[in-house]
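These notes concern the structure reproduced below.
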Amino acid sequence: MFHLTYPQTRCRTEGINAPPSIRPKNGFELGGLWSLGSPLGRAVGSVLGDRDGRSRLLIVLTCYLDDSGTHSDCPVITMAGYIGFLSGWLDFEKAAKEIYTSYGINVFHARDFHATDNDFKGWSRITKQSYTRQICEAARTARALEIGVSVSVLKSAYKQKQLETGLSKTMSPYGYSFSIIMDHLLRDEVLKKIVGEQGVDISFVIEGGNNNDNNILNVFNEVRNKYRLEHKLKSISFMEKDSSHALQLADFFAFYSRRHVEESERNNGVPPAIDFINSQLVRGIHLIDIVATNFFVQKPTA
């Protein structure tokens with residue numbers, strides 16, 4: 001048997017990011033989560049069962065992922081999101097709600113934002129830049145943005161390798177993107193140091209509704225079981241985009257990250273100058289950024 005393994009990649013290096021000094025925000029009480037009545041609180045609370053959080057502190061890293069380019073006419077699929085302590089995400093939810101109200105936004109959809117449509121109809125470039133700066137700064141201030149992760153896969157290269165080998169037929173480019181993310185979460189030196197601290201674990205919250213969500217669930221369970229990481233890889237939840245501002249921020253990142261990669265592909269692999277929006281979305285964070293353009297096929301050892 002053969003299987004696809006680590007991709008040949010081009011990594012975007014913009015020279016604007018540096019590994020942060022990440023520390024939890026004094027923990028938080030689960031009772032506070034429930035008092036917010038937030039979907040985020042319910043997603044994590046369901047993992048804890050009946051444990052009383054009022055007398056216990058919990059530190060959770062939450063990775064918000066959204067996919068962009070999953071429709072058939074798009075040459076690149078990008079899965080992207082941010083990793084930060086849950087306490088920071090909860091603070092961001094409150095700050096984002098105020099920003100949405102001030103701008104008249106109901107639910108943020110990056111496609112509408114880019115096309116200046118629906119909630120963003122009539123917005124000028126200056127208004128878009130102002131909103132982008134404010135929402136990203138709110139996330140940074142809340143310390144929701146500690147690490148950014150973006151994985152883009154050239155769908156034609158992936159599918160061609162599947163045809164050549166006849167393998168991985170059940171794994172979509174969407175699921176494969178998540179497998180790359182899982183691999184780098186285990187190998188990235190900054191993240192390994194954080195997760196290695198006592199009491200720190202990871203919960204994933206992913207926008208649901210993709211036909212290949214089962215690929216993601218299978219990868220998560222396989223890695224969790226193979227490496228005995230039940231105590232570190234705590235949970236995975238599939239939620240609607242309108243359930244949290246955090247998922248909508250991941251949508252923002254995924255959409256513009258994919259556009260950056262597509263423009264690079266049109267220019268024979270030469271990345272374009274980073275624009276204002278992309279620069280705001282990755283400023284001041286440790287960025288794990290992978291563009292998979294070709295794939296090795298590895299024969300397992302006997």
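Within each chain, counting starts at residue 1; across the structure tokens, chains are named A, B, ... in the order shown, with ligands numbered 1 upward in that order.
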
Quiz prompt | DSSP helix (DSSP H, G or I) residues within segment 116-201 of chain A, listed as an NGL selection string | solution = :A and (118-120 or 125-141 or 155-165 or 173-187 or 189-195)

Please, could you write that set of residues out with N, CA and C atoms as a short mmCIF file (atom, residue, chain, number, x, y, z; two decimals), in the first residue's frame?
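Written file, again-v5.cif:
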data_model
loop_
_atom_site.label_atom_id
_atom_site.label_comp_id
_atom_site.auth_asym_id
_atom_site.auth_seq_id
_atom_site.Cartn_x
_atom_site.Cartn_y
_atom_site.Cartn_z
N ASN A 118 -24.65 43.26 0.14
CA ASN A 118 -25.46 43.00 1.33
C ASN A 118 -25.10 43.96 2.47
N ASP A 119 -24.66 43.45 3.62
CA ASP A 119 -24.37 44.33 4.75
C ASP A 119 -23.31 45.38 4.43
N PHE A 120 -22.55 45.16 3.38
CA PHE A 120 -21.43 46.04 3.07
C PHE A 120 -21.68 46.92 1.84
N ARG A 125 -13.50 52.04 0.25
CA ARG A 125 -12.27 51.35 0.60
C ARG A 125 -11.80 51.77 2.00
N ILE A 126 -11.94 53.05 2.32
CA ILE A 126 -11.53 53.54 3.63
C ILE A 126 -12.35 52.89 4.74
N THR A 127 -13.65 52.72 4.50
CA THR A 127 -14.51 52.08 5.50
C THR A 127 -14.10 50.63 5.69
N LYS A 128 -13.80 49.94 4.61
CA LYS A 128 -13.36 48.55 4.71
C LYS A 128 -12.05 48.45 5.48
N GLN A 129 -11.14 49.34 5.21
CA GLN A 129 -9.86 49.30 5.92
C GLN A 129 -10.04 49.62 7.39
N SER A 130 -10.92 50.57 7.68
CA SER A 130 -11.18 50.94 9.07
C SER A 130 -11.77 49.76 9.83
N TYR A 131 -12.75 49.07 9.22
CA TYR A 131 -13.35 47.91 9.87
C TYR A 131 -12.31 46.82 10.10
N THR A 132 -11.52 46.54 9.06
CA THR A 132 -10.51 45.49 9.16
C THR A 132 -9.54 45.78 10.30
N ARG A 133 -9.09 47.01 10.38
CA ARG A 133 -8.16 47.38 11.44
C ARG A 133 -8.81 47.21 12.82
N GLN A 134 -10.05 47.62 12.95
CA GLN A 134 -10.72 47.56 14.25
C GLN A 134 -10.98 46.13 14.70
N ILE A 135 -11.47 45.29 13.79
CA ILE A 135 -11.83 43.92 14.20
C ILE A 135 -10.58 43.11 14.52
N CYS A 136 -9.50 43.33 13.76
CA CYS A 136 -8.25 42.61 14.02
C CYS A 136 -7.60 43.11 15.30
N GLU A 137 -7.67 44.42 15.52
CA GLU A 137 -7.10 44.96 16.75
C GLU A 137 -7.87 44.48 17.97
N ALA A 138 -9.19 44.36 17.83
CA ALA A 138 -9.99 43.84 18.94
C ALA A 138 -9.58 42.42 19.29
N ALA A 139 -9.32 41.61 18.26
CA ALA A 139 -8.90 40.22 18.50
C ALA A 139 -7.51 40.17 19.13
N ARG A 140 -6.62 41.05 18.67
CA ARG A 140 -5.28 41.06 19.25
C ARG A 140 -5.31 41.56 20.70
N THR A 141 -6.10 42.59 20.96
CA THR A 141 -6.21 43.12 22.31
C THR A 141 -6.76 42.07 23.27
N LYS A 155 -5.70 22.12 -5.96
CA LYS A 155 -6.58 20.96 -6.13
C LYS A 155 -6.20 20.10 -7.34
N SER A 156 -5.76 20.73 -8.42
CA SER A 156 -5.41 19.95 -9.62
C SER A 156 -4.22 19.04 -9.36
N ALA A 157 -3.22 19.52 -8.62
CA ALA A 157 -2.05 18.70 -8.31
C ALA A 157 -2.43 17.55 -7.40
N TYR A 158 -3.29 17.82 -6.44
CA TYR A 158 -3.71 16.76 -5.52
C TYR A 158 -4.50 15.68 -6.25
N LYS A 159 -5.44 16.10 -7.09
CA LYS A 159 -6.27 15.13 -7.80
C LYS A 159 -5.47 14.35 -8.83
N GLN A 160 -4.47 15.00 -9.45
CA GLN A 160 -3.62 14.30 -10.40
C GLN A 160 -2.82 13.20 -9.71
N LYS A 161 -2.33 13.49 -8.53
CA LYS A 161 -1.59 12.47 -7.79
C LYS A 161 -2.50 11.32 -7.39
N GLN A 162 -3.75 11.61 -7.09
CA GLN A 162 -4.70 10.55 -6.79
C GLN A 162 -4.91 9.65 -8.01
N LEU A 163 -5.02 10.26 -9.20
CA LEU A 163 -5.21 9.48 -10.43
C LEU A 163 -3.99 8.62 -10.73
N GLU A 164 -2.81 9.18 -10.52
CA GLU A 164 -1.57 8.45 -10.82
C GLU A 164 -1.38 7.26 -9.90
N THR A 165 -1.80 7.38 -8.66
CA THR A 165 -1.53 6.33 -7.69
C THR A 165 -2.74 5.46 -7.39
N PRO A 173 -9.33 17.10 -0.89
CA PRO A 173 -8.36 18.17 -0.62
C PRO A 173 -8.71 18.92 0.67
N TYR A 174 -9.99 19.02 0.96
CA TYR A 174 -10.46 19.67 2.18
C TYR A 174 -9.95 18.92 3.41
N GLY A 175 -10.16 17.61 3.42
CA GLY A 175 -9.68 16.81 4.54
C GLY A 175 -8.17 16.78 4.61
N TYR A 176 -7.52 16.75 3.43
CA TYR A 176 -6.07 16.72 3.42
C TYR A 176 -5.49 18.01 3.99
N SER A 177 -6.16 19.15 3.74
CA SER A 177 -5.71 20.41 4.32
C SER A 177 -5.69 20.33 5.83
N PHE A 178 -6.73 19.72 6.39
CA PHE A 178 -6.79 19.57 7.84
C PHE A 178 -5.70 18.65 8.35
N SER A 179 -5.37 17.61 7.58
CA SER A 179 -4.31 16.69 8.01
C SER A 179 -2.96 17.41 8.05
N ILE A 180 -2.73 18.34 7.13
CA ILE A 180 -1.50 19.14 7.16
C ILE A 180 -1.48 20.01 8.42
N ILE A 181 -2.62 20.60 8.72
CA ILE A 181 -2.70 21.43 9.92
C ILE A 181 -2.40 20.60 11.16
N MET A 182 -2.98 19.42 11.26
CA MET A 182 -2.73 18.56 12.41
C MET A 182 -1.26 18.21 12.52
N ASP A 183 -0.63 17.93 11.39
CA ASP A 183 0.79 17.59 11.38
C ASP A 183 1.62 18.74 11.92
N HIS A 184 1.32 19.95 11.47
CA HIS A 184 2.11 21.10 11.89
C HIS A 184 1.79 21.51 13.33
N LEU A 185 0.59 21.25 13.79
CA LEU A 185 0.30 21.53 15.18
C LEU A 185 1.15 20.65 16.10
N LEU A 186 1.48 19.47 15.64
CA LEU A 186 2.30 18.57 16.44
C LEU A 186 3.78 18.87 16.32
N ARG A 187 4.19 19.53 15.21
CA ARG A 187 5.61 19.73 14.96
C ARG A 187 6.09 21.16 15.15
N GLU A 189 7.39 24.36 16.69
CA GLU A 189 8.10 24.50 17.95
C GLU A 189 7.37 25.43 18.93
N VAL A 190 6.81 26.52 18.42
CA VAL A 190 6.11 27.45 19.30
C VAL A 190 4.89 26.80 19.93
N LEU A 191 4.09 26.12 19.10
CA LEU A 191 2.88 25.51 19.61
C LEU A 191 3.19 24.33 20.53
N LYS A 192 4.22 23.56 20.19
CA LYS A 192 4.60 22.43 21.04
C LYS A 192 4.95 22.90 22.45
N LYS A 193 5.61 24.04 22.53
CA LYS A 193 5.99 24.57 23.83
C LYS A 193 4.76 24.96 24.65
N ILE A 194 3.79 25.56 23.98
CA ILE A 194 2.57 25.99 24.67
C ILE A 194 1.77 24.79 25.14
N VAL A 195 1.50 23.87 24.22
CA VAL A 195 0.65 22.73 24.54
C VAL A 195 1.34 21.81 25.54
#

Practice problem: Quick one: everything within 6 Å of segment 221-236 of chain A, counting only C-alpha atoms, minus sequence neighbours fewer than 3 positions away in the same chain. Send it as a VMD selection string. | Solution: chain A and resid 201 to 205 218

Expected file: the selected residues, C-alpha atoms, as an mmCIF file, in the first residue's frame:
data_model
loop_
_atom_site.group_PDB
_atom_site.id
_atom_site.type_symbol
_atom_site.label_atom_id
_atom_site.label_comp_id
_atom_site.auth_asym_id
_atom_site.auth_seq_id
_atom_site.Cartn_x
_atom_site.Cartn_y
_atom_site.Cartn_z
ATOM 1 C CA ASP A 201 -5.262 21.353 25.690
ATOM 2 C CA ILE A 202 -6.818 22.095 22.297
ATOM 3 C CA SER A 203 -10.433 22.200 21.210
ATOM 4 C CA PHE A 204 -11.323 22.698 17.549
ATOM 5 C CA VAL A 205 -14.341 24.666 16.402
ATOM 6 C CA ASN A 218 -11.523 10.881 10.845
#

Quiz item: What are the DSSP strand (DSSP E) residues of segment 179-295 of chain A, as number ranges by chain?
Solution: A: 200-207, 233-239, 286-295

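With only C-alpha atoms as the atoms that count, the residue of A:Ala273, A:Lys121, A:Asp91, A:Ile288 with the shortest distance to Gly104 of chain A is A:Lys121.
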
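Our summary of the geometry notes that atom CA of Ala144 of chain A is positioned 26.0 Å from atom CA of Thr70 of chain A.
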
Quiz item: Can you tell me, as a ChimeraX atom specification, what residues are no more than 10 Å from Val153 of chain A when counting only C-alpha atoms, ignoring any on the same chain fewer than 6 positions away?
Solution: /A:7,9,75-79,173-174,176-177,180,258,261,290-294

So that I have them on file, write out the residues from the current selection with C-alpha atoms, as a CSV table (one decimal), in the first residue's frame.
chain,number,residue,atom,x,y,z
A,7,PRO,CA,3.6,18.0,0.6
A,9,THR,CA,5.4,23.4,-0.3
A,75,PRO,CA,-8.3,26.0,-8.2
A,76,VAL,CA,-7.1,26.4,-4.6
A,77,ILE,CA,-8.6,25.3,-1.4
A,78,THR,CA,-7.6,27.1,1.8
A,79,MET,CA,-8.2,26.2,5.4
A,173,PRO,CA,-8.4,18.2,-0.6
A,174,TYR,CA,-10.5,19.7,2.2
A,176,TYR,CA,-6.1,16.7,3.4
A,177,SER,CA,-5.7,20.4,4.3
A,180,ILE,CA,-1.5,19.1,7.2
A,258,ARG,CA,-6.8,31.9,-0.7
A,261,VAL,CA,-2.3,32.1,-3.1
A,290,ILE,CA,1.7,26.3,3.9
A,291,VAL,CA,1.0,26.2,0.2
A,292,ALA,CA,1.0,22.6,-1.1
A,293,THR,CA,1.7,22.5,-4.8
A,294,ASN,CA,3.0,18.9,-5.2
